[in-house]
Each structure stands twice: as structure tokens, then as C-alpha cells.
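Novice: So I've got this file, start27.tsv, and it contains TSV, N, CA and C atoms:
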chain	number	residue	atom	x	y	z
Z	16	VAL	N	-45.55	1.32	-15.41
Z	16	VAL	CA	-46.29	2.56	-15.49
Z	16	VAL	C	-46.59	2.81	-16.97
Z	17	PRO	N	-47.82	3.09	-17.32
Z	17	PRO	CA	-48.12	3.44	-18.71
Z	17	PRO	C	-47.35	4.70	-19.14
Z	18	VAL	N	-46.86	4.69	-20.37
Z	18	VAL	CA	-46.09	5.82	-20.89
Z	18	VAL	C	-46.88	7.11	-20.78
Z	19	ALA	N	-48.16	7.09	-21.16
Z	19	ALA	CA	-48.99	8.30	-21.13
Z	19	ALA	C	-49.12	8.85	-19.71
Z	20	ARG	N	-49.28	7.98	-18.75
Z	20	ARG	CA	-49.41	8.43	-17.36
Z	20	ARG	C	-48.11	9.08	-16.87
Z	21	LEU	N	-46.99	8.49	-17.22
Z	21	LEU	CA	-45.69	9.04	-16.84
Z	21	LEU	C	-45.45	10.38	-17.53
Z	22	ALA	N	-45.79	10.47	-18.80
Z	22	ALA	CA	-45.59	11.71	-19.56
Z	22	ALA	C	-46.48	12.84	-19.02
Z	23	GLN	N	-47.66	12.50	-18.54
Z	23	GLN	CA	-48.59	13.50	-18.01
Z	23	GLN	C	-48.09	14.16	-16.73
Z	24	ALA	N	-47.48	13.38	-15.86
Z	24	ALA	CA	-47.07	13.91	-14.54
Z	24	ALA	C	-45.77	13.26	-14.08
Z	25	PRO	N	-44.66	13.51	-14.77
Z	25	PRO	CA	-43.41	12.85	-14.39
Z	25	PRO	C	-42.93	13.21	-12.99
Z	26	ALA	N	-43.24	14.42	-12.52
Z	26	ALA	CA	-42.79	14.83	-11.18
Z	26	ALA	C	-43.35	13.92	-10.10
Z	27	LYS	N	-44.53	13.35	-10.31
Z	27	LYS	CA	-45.14	12.43	-9.34
Z	27	LYS	C	-44.32	11.16	-9.17
Z	28	PHE	N	-43.54	10.82	-10.19
Z	28	PHE	CA	-42.76	9.59	-10.17
Z	28	PHE	C	-41.28	9.84	-9.87
Z	29	ALA	N	-40.89	11.09	-9.69
Z	29	ALA	CA	-39.47	11.43	-9.49
Z	29	ALA	C	-38.87	10.62	-8.35
Z	30	GLY	N	-37.73	10.02	-8.62
Z	30	GLY	CA	-37.01	9.22	-7.63
Z	30	GLY	C	-37.50	7.78	-7.52
Z	31	LYS	N	-38.55	7.44	-8.24
Z	31	LYS	CA	-39.09	6.08	-8.17
Z	31	LYS	C	-38.61	5.24	-9.35
Z	32	THR	N	-38.42	3.96	-9.10
Z	32	THR	CA	-38.07	3.03	-10.16
Z	32	THR	C	-39.35	2.64	-10.89
Z	33	VAL	N	-39.33	2.76	-12.22
Z	33	VAL	CA	-40.48	2.42	-13.04
Z	33	VAL	C	-40.05	1.50	-14.17
Z	34	ARG	N	-41.05	0.89	-14.77
Z	34	ARG	CA	-40.85	0.07	-15.96
Z	34	ARG	C	-41.85	0.57	-17.00
Z	35	ILE	N	-41.36	0.93	-18.18
Z	35	ILE	CA	-42.24	1.36	-19.25
Z	35	ILE	C	-42.04	0.45	-20.46
Z	36	GLU	N	-43.11	0.27	-21.22
Z	36	GLU	CA	-43.07	-0.59	-22.40
Z	36	GLU	C	-43.67	0.14	-23.58
Z	37	GLY	N	-43.17	-0.16	-24.76
Z	37	GLY	CA	-43.71	0.42	-25.98
Z	37	GLY	C	-42.85	0.04	-27.17
Z	38	THR	N	-42.78	0.96	-28.10
Z	38	THR	CA	-42.01	0.78	-29.32
Z	38	THR	C	-40.94	1.87	-29.37
Z	39	VAL	N	-39.77	1.54	-29.91
Z	39	VAL	CA	-38.71	2.52	-30.07
Z	39	VAL	C	-39.14	3.49	-31.18
Z	40	ALA	N	-39.48	4.72	-30.79
Z	40	ALA	CA	-39.86	5.74	-31.77
Z	40	ALA	C	-38.63	6.41	-32.36
Z	41	GLU	N	-37.60	6.52	-31.53
Z	41	GLU	CA	-36.37	7.22	-31.93
Z	41	GLU	C	-35.26	6.76	-30.99
Z	42	VAL	N	-34.03	6.72	-31.49
Z	42	VAL	CA	-32.89	6.34	-30.67
Z	42	VAL	C	-31.73	7.28	-30.97
Z	43	CYS	N	-30.89	7.52	-29.98
Z	43	CYS	CA	-29.71	8.37	-30.13
Z	43	CYS	C	-28.83	7.84	-31.26
Z	44	GLN	N	-28.50	8.70	-32.19
Z	44	GLN	CA	-27.63	8.32	-33.29
Z	44	GLN	C	-26.17	8.66	-33.01
Z	45	GLY	N	-25.90	9.20	-31.82
Z	45	GLY	CA	-24.53	9.46	-31.41
Z	45	GLY	C	-23.91	8.19	-30.84
Z	46	ARG	N	-24.36	7.81	-29.63
Z	46	ARG	CA	-23.82	6.61	-28.97
Z	46	ARG	C	-24.90	5.58	-28.64
Z	47	GLY	N	-26.16	5.94	-28.83
Z	47	GLY	CA	-27.24	5.02	-28.46
Z	47	GLY	C	-27.62	5.16	-27.00
Z	48	CYS	N	-27.38	6.35	-26.42
Z	48	CYS	CA	-27.56	6.54	-24.98
Z	48	CYS	C	-29.00	6.85	-24.57
Z	49	TRP	N	-29.88	7.19	-25.53
Z	49	TRP	CA	-31.26	7.47	-25.17
Z	49	TRP	C	-32.21	6.83	-26.17
Z	50	VAL	N	-33.43	6.63	-25.71
Z	50	VAL	CA	-34.48	6.06	-26.55
Z	50	VAL	C	-35.80	6.76	-26.21
Z	51	ARG	N	-36.56	7.07	-27.24
Z	51	ARG	CA	-37.90	7.62	-27.04
Z	51	ARG	C	-38.87	6.45	-27.16
Z	52	VAL	N	-39.52	6.11	-26.04
Z	52	VAL	CA	-40.46	4.98	-25.98
Z	52	VAL	C	-41.86	5.51	-26.30
Z	53	GLN	N	-42.52	4.87	-27.26
Z	53	GLN	CA	-43.85	5.31	-27.70
Z	53	GLN	C	-44.88	4.23	-27.40
Z	54	ASP	N	-46.03	4.66	-26.83
Z	54	ASP	CA	-47.10	3.70	-26.57
Z	54	ASP	C	-47.98	3.55	-27.82
Z	55	GLU	N	-48.98	2.71	-27.73
Z	55	GLU	CA	-49.83	2.41	-28.89
Z	55	GLU	C	-50.67	3.61	-29.36
Z	56	LYS	N	-50.81	4.62	-28.51
Z	56	LYS	CA	-51.58	5.83	-28.89
Z	56	LYS	C	-50.67	6.97	-29.35
Z	57	GLY	N	-49.36	6.74	-29.39
Z	57	GLY	CA	-48.43	7.75	-29.88
Z	57	GLY	C	-47.78	8.61	-28.82
Z	58	GLN	N	-48.13	8.41	-27.54
Z	58	GLN	CA	-47.51	9.18	-26.46
Z	58	GLN	C	-46.09	8.67	-26.25
Z	59	THR	N	-45.15	9.57	-25.97
Z	59	THR	CA	-43.75	9.16	-25.81
Z	59	THR	C	-43.17	9.65	-24.49
Z	60	PHE	N	-42.09	8.96	-24.09
Z	60	PHE	CA	-41.30	9.38	-22.94
Z	60	PHE	C	-39.86	8.96	-23.20
Z	61	LEU	N	-38.93	9.79	-22.77
Z	61	LEU	CA	-37.52	9.56	-23.03
Z	61	LEU	C	-36.87	8.77	-21.90
Z	62	ALA	N	-36.11	7.75	-22.27
Z	62	ALA	CA	-35.27	7.01	-21.34
Z	62	ALA	C	-33.83	7.27	-21.76
Z	63	LYS	N	-32.97	7.56	-20.79
Z	63	LYS	CA	-31.59	7.92	-21.11
Z	63	LYS	C	-30.64	7.26	-20.11
Z	64	SER	N	-29.57	6.71	-20.65
Z	64	SER	CA	-28.51	6.16	-19.81
Z	64	SER	C	-27.60	7.33	-19.43
Z	65	LEU	N	-27.81	7.87	-18.25
Z	65	LEU	CA	-27.10	9.08	-17.84
Z	65	LEU	C	-25.59	8.87	-17.74
Z	66	ASP	N	-25.17	7.66	-17.39
Z	66	ASP	CA	-23.73	7.38	-17.32
Z	66	ASP	C	-23.24	6.62	-18.55
Z	67	GLU	N	-24.12	6.46	-19.53
Z	67	GLU	CA	-23.83	5.77	-20.79
Z	67	GLU	C	-23.37	4.32	-20.58
Z	68	SER	N	-23.88	3.68	-19.54
Z	68	SER	CA	-23.56	2.28	-19.29
Z	68	SER	C	-24.51	1.33	-20.02
Z	69	VAL	N	-25.66	1.85	-20.47
Z	69	VAL	CA	-26.63	1.05	-21.22
Z	69	VAL	C	-26.83	1.74	-22.56
Z	70	LEU	N	-26.28	1.16	-23.62
Z	70	LEU	CA	-26.35	1.75	-24.94
Z	70	LEU	C	-27.16	0.85	-25.87
Z	71	LEU	N	-27.88	1.47	-26.79
Z	71	LEU	CA	-28.72	0.75	-27.74
Z	71	LEU	C	-28.13	0.78	-29.14
Z	72	PRO	N	-28.47	-0.21	-29.96
Z	72	PRO	CA	-28.06	-0.13	-31.36
Z	72	PRO	C	-28.79	1.02	-32.05
Z	73	LYS	N	-28.11	1.69	-32.94
Z	73	LYS	CA	-28.67	2.87	-33.60
Z	73	LYS	C	-29.79	2.51	-34.58
Z	74	ASP	N	-29.92	1.25	-34.91
Z	74	ASP	CA	-30.91	0.81	-35.89
Z	74	ASP	C	-32.10	0.08	-35.26
Z	75	CYS	N	-32.41	0.35	-34.00
Z	75	CYS	CA	-33.46	-0.39	-33.32
Z	75	CYS	C	-34.84	0.27	-33.39
Z	76	ALA	N	-34.97	1.38	-34.10
Z	76	ALA	CA	-36.28	2.04	-34.22
Z	76	ALA	C	-37.31	1.06	-34.76
Z	77	GLY	N	-38.49	1.09	-34.17
Z	77	GLY	CA	-39.57	0.20	-34.58
Z	77	GLY	C	-39.66	-1.07	-33.76
Z	78	GLN	N	-38.62	-1.40	-33.01
Z	78	GLN	CA	-38.64	-2.60	-32.18
Z	78	GLN	C	-39.43	-2.36	-30.90
Z	79	ALA	N	-39.98	-3.43	-30.36
Z	79	ALA	CA	-40.63	-3.36	-29.05
Z	79	ALA	C	-39.53	-3.19	-28.01
Z	80	VAL	N	-39.83	-2.45	-26.94
Z	80	VAL	CA	-38.82	-2.18	-25.93
Z	80	VAL	C	-39.46	-2.14	-24.54
Z	81	VAL	N	-38.70	-2.64	-23.56
Z	81	VAL	CA	-39.06	-2.53	-22.15
Z	81	VAL	C	-37.89	-1.84	-21.48
Z	82	VAL	N	-38.18	-0.77	-20.73
Z	82	VAL	CA	-37.13	-0.01	-20.06
Z	82	VAL	C	-37.43	0.04	-18.57
Z	83	GLN	N	-36.40	-0.21	-17.75
Z	83	GLN	CA	-36.53	-0.02	-16.32
Z	83	GLN	C	-35.50	1.00	-15.88
Z	84	GLY	N	-35.94	1.91	-15.00
Z	84	GLY	CA	-35.02	2.91	-14.50
Z	84	GLY	C	-35.72	3.83	-13.50
Z	85	VAL	N	-34.98	4.82	-13.06
Z	85	VAL	CA	-35.46	5.77	-12.06
Z	85	VAL	C	-35.85	7.07	-12.75
Z	86	VAL	N	-37.05	7.56	-12.46
Z	86	VAL	CA	-37.49	8.84	-13.03
Z	86	VAL	C	-36.64	9.94	-12.39
Z	87	THR	N	-35.96	10.70	-13.24
Z	87	THR	CA	-34.97	11.65	-12.78
Z	87	THR	C	-35.20	13.02	-13.42
Z	88	ALA	N	-35.17	14.06	-12.60
Z	88	ALA	CA	-35.23	15.43	-13.12
Z	88	ALA	C	-33.85	15.79	-13.65
Z	89	LEU	N	-33.83	16.36	-14.84
Z	89	LEU	CA	-32.55	16.74	-15.44
Z	89	LEU	C	-32.28	18.21	-15.24
Z	90	LYS	N	-31.03	18.51	-15.01
Z	90	LYS	CA	-30.57	19.89	-14.99
Z	90	LYS	C	-29.90	20.11	-16.34
Z	91	PRO	N	-30.02	21.29	-16.93
Z	91	PRO	CA	-29.32	21.53	-18.19
Z	91	PRO	C	-27.83	21.24	-18.01
Z	92	ALA	N	-27.28	20.46	-18.91
Z	92	ALA	CA	-25.87	20.08	-18.80
Z	92	ALA	C	-25.23	20.07	-20.17
Z	93	ALA	N	-23.93	20.18	-20.17
Z	93	ALA	CA	-23.19	20.09	-21.42
Z	93	ALA	C	-23.30	18.68	-21.97
Z	94	HIS	N	-23.28	18.57	-23.26
Z	94	HIS	CA	-23.36	17.28	-23.93
Z	94	HIS	C	-21.97	16.68	-23.94
Z	95	ASP	N	-21.81	15.49	-23.38
Z	95	ASP	CA	-20.46	14.98	-23.20
Z	95	ASP	C	-20.09	13.78	-24.05
Z	96	HIS	N	-20.85	13.50	-25.11
Z	96	HIS	CA	-20.37	12.48	-26.03
Z	96	HIS	C	-20.40	13.01	-27.45
Z	97	GLU	N	-19.65	12.35	-28.31
Z	97	GLU	CA	-19.57	12.82	-29.68
Z	97	GLU	C	-20.93	12.74	-30.34
Z	98	GLU	N	-21.21	13.72	-31.16
Z	98	GLU	CA	-22.50	13.81	-31.80
Z	98	GLU	C	-22.71	12.76	-32.89
Z	99	GLY	N	-21.66	12.20	-33.46
Z	99	GLY	CA	-21.84	11.18	-34.49
Z	99	GLY	C	-22.27	11.81	-35.79
Z	100	ALA	N	-23.47	11.47	-36.25
Z	100	ALA	CA	-23.97	11.97	-37.53
Z	100	ALA	C	-24.14	13.49	-37.50
Z	101	GLU	N	-23.85	14.10	-38.63
Z	101	GLU	CA	-23.99	15.55	-38.72
Z	101	GLU	C	-25.44	15.93	-38.44
Z	102	GLY	N	-25.64	16.98	-37.65
Z	102	GLY	CA	-26.97	17.43	-37.33
Z	102	GLY	C	-27.60	16.68	-36.16
Z	103	HIS	N	-26.92	15.70	-35.61
Z	103	HIS	CA	-27.45	14.93	-34.48
Z	103	HIS	C	-27.44	15.77	-33.21
Z	104	SER	N	-28.50	15.64	-32.45
Z	104	SER	CA	-28.51	16.26	-31.13
Z	104	SER	C	-29.36	15.41	-30.22
Z	105	CYS	N	-29.05	15.43	-28.95
Z	105	CYS	CA	-29.82	14.68	-27.96
Z	105	CYS	C	-30.83	15.62	-27.31
Z	106	PRO	N	-32.06	15.14	-27.10
Z	106	PRO	CA	-33.07	15.97	-26.46
Z	106	PRO	C	-32.73	16.26	-25.00
Z	107	THR	N	-33.30	17.33	-24.47
Z	107	THR	CA	-33.06	17.70	-23.07
Z	107	THR	C	-34.39	17.98	-22.37
Z	108	PRO	N	-35.17	16.93	-22.11
Z	108	PRO	CA	-36.44	17.12	-21.40
Z	108	PRO	C	-36.20	17.42	-19.92
Z	109	ASP	N	-37.25	17.81	-19.23
Z	109	ASP	CA	-37.15	18.08	-17.79
Z	109	ASP	C	-36.98	16.80	-16.98
Z	110	TYR	N	-37.60	15.70	-17.44
Z	110	TYR	CA	-37.52	14.41	-16.74
Z	110	TYR	C	-37.23	13.31	-17.75
Z	111	VAL	N	-36.49	12.30	-17.29
Z	111	VAL	CA	-36.23	11.10	-18.08
Z	111	VAL	C	-36.33	9.89	-17.17
Z	112	VAL	N	-36.43	8.72	-17.78
Z	112	VAL	CA	-36.21	7.49	-17.03
Z	112	VAL	C	-34.71	7.23	-17.15
Z	113	SER	N	-34.00	7.32	-16.04
Z	113	SER	CA	-32.56	7.05	-16.02
Z	113	SER	C	-32.39	5.53	-16.11
Z	114	THR	N	-31.96	5.09	-17.26
Z	114	THR	CA	-31.98	3.68	-17.61
Z	114	THR	C	-31.09	2.82	-16.73
Z	115	GLN	N	-31.69	1.75	-16.19
Z	115	GLN	CA	-30.94	0.71	-15.48
Z	115	GLN	C	-30.81	-0.52	-16.35
Z	116	GLY	N	-31.80	-0.74	-17.20
Z	116	GLY	CA	-31.78	-1.90	-18.09
Z	116	GLY	C	-32.82	-1.74	-19.18
Z	117	ILE	N	-32.53	-2.35	-20.34
Z	117	ILE	CA	-33.42	-2.29	-21.49
Z	117	ILE	C	-33.49	-3.67	-22.13
Z	118	GLU	N	-34.67	-4.05	-22.54
Z	118	GLU	CA	-34.86	-5.28	-23.32
Z	118	GLU	C	-35.49	-4.90	-24.64
Z	119	LEU	N	-34.83	-5.27	-25.73
Z	119	LEU	CA	-35.39	-5.06	-27.07
Z	119	LEU	C	-35.99	-6.36	-27.54
Z	120	ARG	N	-37.09	-6.25	-28.27
Z	120	ARG	CA	-37.75	-7.40	-28.85
Z	120	ARG	C	-37.97	-7.13	-30.33
Z	121	PRO	N	-38.22	-8.16	-31.13
Z	121	PRO	CA	-38.49	-7.92	-32.54
Z	121	PRO	C	-39.65	-6.96	-32.73
Z	122	ALA	N	-39.66	-6.26	-33.86
Z	122	ALA	CA	-40.73	-5.32	-34.16
Z	122	ALA	C	-42.08	-6.03	-34.11
Z	123	PRO	N	-43.11	-5.35	-33.56
Z	123	PRO	CA	-44.43	-5.97	-33.49
Z	123	PRO	C	-44.97	-6.24	-34.90
Z	124	LYS	N	-45.68	-7.35	-35.06
Z	124	LYS	CA	-46.31	-7.70	-36.35
Z	124	LYS	C	-47.49	-6.76	-36.56
Z	125	LYS	N	-47.68	-6.36	-37.81
Z	125	LYS	CA	-48.80	-5.46	-38.14
Z	125	LYS	C	-49.88	-6.21	-38.85
What do you get writing this file as C-alpha cells?
Specialist:
Amino acid sequence: VPVARLAQAPAKFAGKTVRIEGTVAEVCQGRGCWVRVQDEKGQTFLAKSLDESVLLPKDCAGQAVVVQGVVTALKPAAHDHEEGAEGHSCPTPDYVVSTQGIELRPAPKK
């Protein structure tokens, strides 16, 4: 699913398994539990490992990424992992791709 299409109407994809591709725009600096995937036009969508079973390296920003997971509506919840760096916080969007698997690739050549 194109990132822009998913970002436009995530409720249409709720409960469905999707695969999104792009570049790592931002990654969780606490545990590496979420990644903001950005397409070539700058549109982003958040993928998050809700059970923290799929964690990313904190230094992967700029790398190409493929994420597979289930589009999931989030309920506001307490943050249950250590924040890590001072001032770190995890985003709380209405929908995320609940990560089942992630593939990182080297940063795209410019």
C-alpha cells in the first residue's frame, strides 16, 4: 500500500495486513519500537511494534525500509518503556501499522 494512500484513509485499512515501503524519517530513541516511514513525496506513516518484539537500531534514520504489519487503531495508553534520551517521547497517532516484520536496506543513493 502506498504510504500516502494509507495516511489519507487509515480507517479503510484497519485490521488488514499491509506492506509499506519508504525511508526511515525518524525512529524511536527509547527502545527502537517505532519508525516513521516516509515516501518519496514526504508523506509519512508510523509503524510500531506494539509488543516490542520488533525493535530497530536507533541510528537507522535515512535507510530504506519495508514494513509489514496490521493497521491498528490505537487507544490512548500509558507509555510502558523507558524514555532513554532526555526529552524523548513516542508519538500517539490514531492508527499505526502494528509491526510484524521490518527489513532495513542501505540508504538510497542520491
Novice: Neighbouring residues of range 116-123 of chain Z were defined as those with any atom within 9 Å, considering only C-alpha atoms; residues of the same chain fewer than 5 positions away were excluded. Please report them as a PDB file with N, CA and C atoms, in the coordinates of the input.
Specialist:
ATOM      1  N   THR Z  38     -42.780   0.960 -28.100  1.00  0.00           N
ATOM      2  CA  THR Z  38     -42.010   0.780 -29.320  1.00  0.00           C
ATOM      3  C   THR Z  38     -40.940   1.870 -29.370  1.00  0.00           C
ATOM      4  N   VAL Z  39     -39.770   1.540 -29.910  1.00  0.00           N
ATOM      5  CA  VAL Z  39     -38.710   2.520 -30.070  1.00  0.00           C
ATOM      6  C   VAL Z  39     -39.140   3.490 -31.180  1.00  0.00           C
ATOM      7  N   SER Z  64     -29.570   6.710 -20.650  1.00  0.00           N
ATOM      8  CA  SER Z  64     -28.510   6.160 -19.810  1.00  0.00           C
ATOM      9  C   SER Z  64     -27.600   7.330 -19.430  1.00  0.00           C
ATOM     10  N   VAL Z  69     -25.660   1.850 -20.470  1.00  0.00           N
ATOM     11  CA  VAL Z  69     -26.630   1.050 -21.220  1.00  0.00           C
ATOM     12  C   VAL Z  69     -26.830   1.740 -22.560  1.00  0.00           C
ATOM     13  N   LEU Z  70     -26.280   1.160 -23.620  1.00  0.00           N
ATOM     14  CA  LEU Z  70     -26.350   1.750 -24.940  1.00  0.00           C
ATOM     15  C   LEU Z  70     -27.160   0.850 -25.870  1.00  0.00           C
ATOM     16  N   LEU Z  71     -27.880   1.470 -26.790  1.00  0.00           N
ATOM     17  CA  LEU Z  71     -28.720   0.750 -27.740  1.00  0.00           C
ATOM     18  C   LEU Z  71     -28.130   0.780 -29.140  1.00  0.00           C
ATOM     19  N   CYS Z  75     -32.410   0.350 -34.000  1.00  0.00           N
ATOM     20  CA  CYS Z  75     -33.460  -0.390 -33.320  1.00  0.00           C
ATOM     21  C   CYS Z  75     -34.840   0.270 -33.390  1.00  0.00           C
ATOM     22  N   ALA Z  76     -34.970   1.380 -34.100  1.00  0.00           N
ATOM     23  CA  ALA Z  76     -36.280   2.040 -34.220  1.00  0.00           C
ATOM     24  C   ALA Z  76     -37.310   1.060 -34.760  1.00  0.00           C
ATOM     25  N   GLY Z  77     -38.490   1.090 -34.170  1.00  0.00           N
ATOM     26  CA  GLY Z  77     -39.570   0.200 -34.580  1.00  0.00           C
ATOM     27  C   GLY Z  77     -39.660  -1.070 -33.760  1.00  0.00           C
ATOM     28  N   GLN Z  78     -38.620  -1.400 -33.010  1.00  0.00           N
ATOM     29  CA  GLN Z  78     -38.640  -2.600 -32.180  1.00  0.00           C
ATOM     30  C   GLN Z  78     -39.430  -2.360 -30.900  1.00  0.00           C
ATOM     31  N   ALA Z  79     -39.980  -3.430 -30.360  1.00  0.00           N
ATOM     32  CA  ALA Z  79     -40.630  -3.360 -29.050  1.00  0.00           C
ATOM     33  C   ALA Z  79     -39.530  -3.190 -28.010  1.00  0.00           C
ATOM     34  N   VAL Z  80     -39.830  -2.450 -26.940  1.00  0.00           N
ATOM     35  CA  VAL Z  80     -38.820  -2.180 -25.930  1.00  0.00           C
ATOM     36  C   VAL Z  80     -39.460  -2.140 -24.540  1.00  0.00           C
ATOM     37  N   VAL Z  81     -38.700  -2.640 -23.560  1.00  0.00           N
ATOM     38  CA  VAL Z  81     -39.060  -2.530 -22.150  1.00  0.00           C
ATOM     39  C   VAL Z  81     -37.890  -1.840 -21.480  1.00  0.00           C
ATOM     40  N   VAL Z  82     -38.180  -0.770 -20.730  1.00  0.00           N
ATOM     41  CA  VAL Z  82     -37.130  -0.010 -20.060  1.00  0.00           C
ATOM     42  C   VAL Z  82     -37.430   0.040 -18.570  1.00  0.00           C
ATOM     43  N   GLN Z  83     -36.400  -0.210 -17.750  1.00  0.00           N
ATOM     44  CA  GLN Z  83     -36.530  -0.020 -16.320  1.00  0.00           C
ATOM     45  C   GLN Z  83     -35.500   1.000 -15.880  1.00  0.00           C
ATOM     46  N   GLY Z  84     -35.940   1.910 -15.000  1.00  0.00           N
ATOM     47  CA  GLY Z  84     -35.020   2.910 -14.500  1.00  0.00           C
ATOM     48  C   GLY Z  84     -35.720   3.830 -13.500  1.00  0.00           C
TER      49      GLY Z  84
END
Novice: Can you write out as a tab-separated table which residues of range 43-121 of chain Z fall within 8 Å of range 18-21 of chain Z, alongside each residue's closest atom pair and its distance in Å to one decimal, counting only C-alpha atoms and ordering rows by chain and ascending residue number?
Specialist:
residue	atom	partner	partner_atom	distance
Z:Val52	CA	Z:Val18	CA	7.6
Z:Gln53	CA	Z:Val18	CA	7.2
Z:Asp54	CA	Z:Val18	CA	6.1
Z:Gln58	CA	Z:Ala19	CA	5.6
Z:Thr59	CA	Z:Val18	CA	6.4
Z:Phe60	CA	Z:Val18	CA	6.3
Novice: Please return, as a ChimeraX atom specification, all residues of chain Z that DSSP assigns to helix (DSSP H, G or I) on the basis of the backbone.
Specialist: /Z:18-23,25-28
Novice: Pick from Z:Gln23, Z:Glu55, Z:Asp74, Z:Val112: nearest to Gly37 in chain Z, with only N, CA and C atoms counted?
Specialist: Z:Glu55
Novice: Using Å and a single decimal, report how far CA of Lys90 in chain Z sits from atom C of Glu36 in chain Z.
Specialist: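 These atoms are spaced 25.2 Å apart.
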Novice: In Å, how far is it from CA of Trp49 in chain Z to CA of Leu61 in chain Z?
Specialist: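 Here the two named atoms are 6.9 Å from each other.
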Novice: Work out how far apart CA of Lys31 in chain Z and CA of Gln44 in chain Z are and give it in Å to one decimal.
Specialist: 27.7 Å
Novice: What lies within 6.5 Å of range 26-29 of chain Z using all atoms listed in the file, ignoring chain neighbours under 5 positions off, as a VMD selection string?
Specialist: chain Z and resid 85 to 88
Novice: How would you write, as a compact mmCIF listing (two decimals) with N, CA and C atoms, keeping the file's coordinate frame, the set of residues in chain Z that DSSP gives as strand (DSSP E)?
Specialist:
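Listing of part.txt after writing:
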# COMPACT_ATOMS: atom_id res chain seq x y z
N THR Z 32 -38.42 3.96 -9.10
CA THR Z 32 -38.07 3.03 -10.16
C THR Z 32 -39.35 2.64 -10.89
N VAL Z 33 -39.33 2.76 -12.22
CA VAL Z 33 -40.48 2.42 -13.04
C VAL Z 33 -40.05 1.50 -14.17
N ARG Z 34 -41.05 0.89 -14.77
CA ARG Z 34 -40.85 0.07 -15.96
C ARG Z 34 -41.85 0.57 -17.00
N ILE Z 35 -41.36 0.93 -18.18
CA ILE Z 35 -42.24 1.36 -19.25
C ILE Z 35 -42.04 0.45 -20.46
N GLU Z 36 -43.11 0.27 -21.22
CA GLU Z 36 -43.07 -0.59 -22.40
C GLU Z 36 -43.67 0.14 -23.58
N GLY Z 37 -43.17 -0.16 -24.76
CA GLY Z 37 -43.71 0.42 -25.98
C GLY Z 37 -42.85 0.04 -27.17
N THR Z 38 -42.78 0.96 -28.10
CA THR Z 38 -42.01 0.78 -29.32
C THR Z 38 -40.94 1.87 -29.37
N VAL Z 39 -39.77 1.54 -29.91
CA VAL Z 39 -38.71 2.52 -30.07
C VAL Z 39 -39.14 3.49 -31.18
N ALA Z 40 -39.48 4.72 -30.79
CA ALA Z 40 -39.86 5.74 -31.77
C ALA Z 40 -38.63 6.41 -32.36
N GLU Z 41 -37.60 6.52 -31.53
CA GLU Z 41 -36.37 7.22 -31.93
C GLU Z 41 -35.26 6.76 -30.99
N VAL Z 42 -34.03 6.72 -31.49
CA VAL Z 42 -32.89 6.34 -30.67
C VAL Z 42 -31.73 7.28 -30.97
N TRP Z 49 -29.88 7.19 -25.53
CA TRP Z 49 -31.26 7.47 -25.17
C TRP Z 49 -32.21 6.83 -26.17
N VAL Z 50 -33.43 6.63 -25.71
CA VAL Z 50 -34.48 6.06 -26.55
C VAL Z 50 -35.80 6.76 -26.21
N ARG Z 51 -36.56 7.07 -27.24
CA ARG Z 51 -37.90 7.62 -27.04
C ARG Z 51 -38.87 6.45 -27.16
N VAL Z 52 -39.52 6.11 -26.04
CA VAL Z 52 -40.46 4.98 -25.98
C VAL Z 52 -41.86 5.51 -26.30
N GLN Z 53 -42.52 4.87 -27.26
CA GLN Z 53 -43.85 5.31 -27.70
C GLN Z 53 -44.88 4.23 -27.40
N THR Z 59 -45.15 9.57 -25.97
CA THR Z 59 -43.75 9.16 -25.81
C THR Z 59 -43.17 9.65 -24.49
N PHE Z 60 -42.09 8.96 -24.09
CA PHE Z 60 -41.30 9.38 -22.94
C PHE Z 60 -39.86 8.96 -23.20
N LEU Z 61 -38.93 9.79 -22.77
CA LEU Z 61 -37.52 9.56 -23.03
C LEU Z 61 -36.87 8.77 -21.90
N ALA Z 62 -36.11 7.75 -22.27
CA ALA Z 62 -35.27 7.01 -21.34
C ALA Z 62 -33.83 7.27 -21.76
N LYS Z 63 -32.97 7.56 -20.79
CA LYS Z 63 -31.59 7.92 -21.11
C LYS Z 63 -30.64 7.26 -20.11
N ALA Z 79 -39.98 -3.43 -30.36
CA ALA Z 79 -40.63 -3.36 -29.05
C ALA Z 79 -39.53 -3.19 -28.01
N VAL Z 80 -39.83 -2.45 -26.94
CA VAL Z 80 -38.82 -2.18 -25.93
C VAL Z 80 -39.46 -2.14 -24.54
N VAL Z 81 -38.70 -2.64 -23.56
CA VAL Z 81 -39.06 -2.53 -22.15
C VAL Z 81 -37.89 -1.84 -21.48
N VAL Z 82 -38.18 -0.77 -20.73
CA VAL Z 82 -37.13 -0.01 -20.06
C VAL Z 82 -37.43 0.04 -18.57
N GLN Z 83 -36.40 -0.21 -17.75
CA GLN Z 83 -36.53 -0.02 -16.32
C GLN Z 83 -35.50 1.00 -15.88
N GLY Z 84 -35.94 1.91 -15.00
CA GLY Z 84 -35.02 2.91 -14.50
C GLY Z 84 -35.72 3.83 -13.50
N VAL Z 85 -34.98 4.82 -13.06
CA VAL Z 85 -35.46 5.77 -12.06
C VAL Z 85 -35.85 7.07 -12.75
N VAL Z 86 -37.05 7.56 -12.46
CA VAL Z 86 -37.49 8.84 -13.03
C VAL Z 86 -36.64 9.94 -12.39
N THR Z 87 -35.96 10.70 -13.24
CA THR Z 87 -34.97 11.65 -12.78
C THR Z 87 -35.20 13.02 -13.42
N ALA Z 88 -35.17 14.06 -12.60
CA ALA Z 88 -35.23 15.43 -13.12
C ALA Z 88 -33.85 15.79 -13.65
N TYR Z 110 -37.60 15.70 -17.44
CA TYR Z 110 -37.52 14.41 -16.74
C TYR Z 110 -37.23 13.31 -17.75
N VAL Z 111 -36.49 12.30 -17.29
CA VAL Z 111 -36.23 11.10 -18.08
C VAL Z 111 -36.33 9.89 -17.17
N VAL Z 112 -36.43 8.72 -17.78
CA VAL Z 112 -36.21 7.49 -17.03
C VAL Z 112 -34.71 7.23 -17.15
N SER Z 113 -34.00 7.32 -16.04
CA SER Z 113 -32.56 7.05 -16.02
C SER Z 113 -32.39 5.53 -16.11
N THR Z 114 -31.96 5.09 -17.26
CA THR Z 114 -31.98 3.68 -17.61
C THR Z 114 -31.09 2.82 -16.73
N GLN Z 115 -31.69 1.75 -16.19
CA GLN Z 115 -30.94 0.71 -15.48
C GLN Z 115 -30.81 -0.52 -16.35
N GLY Z 116 -31.80 -0.74 -17.20
CA GLY Z 116 -31.78 -1.90 -18.09
C GLY Z 116 -32.82 -1.74 -19.18
N ILE Z 117 -32.53 -2.35 -20.34
CA ILE Z 117 -33.42 -2.29 -21.49
C ILE Z 117 -33.49 -3.67 -22.13
N GLU Z 118 -34.67 -4.05 -22.54
CA GLU Z 118 -34.86 -5.28 -23.32
C GLU Z 118 -35.49 -4.90 -24.64
N LEU Z 119 -34.83 -5.27 -25.73
CA LEU Z 119 -35.39 -5.06 -27.07
C LEU Z 119 -35.99 -6.36 -27.54
N ARG Z 120 -37.09 -6.25 -28.27
CA ARG Z 120 -37.75 -7.40 -28.85
C ARG Z 120 -37.97 -7.13 -30.33
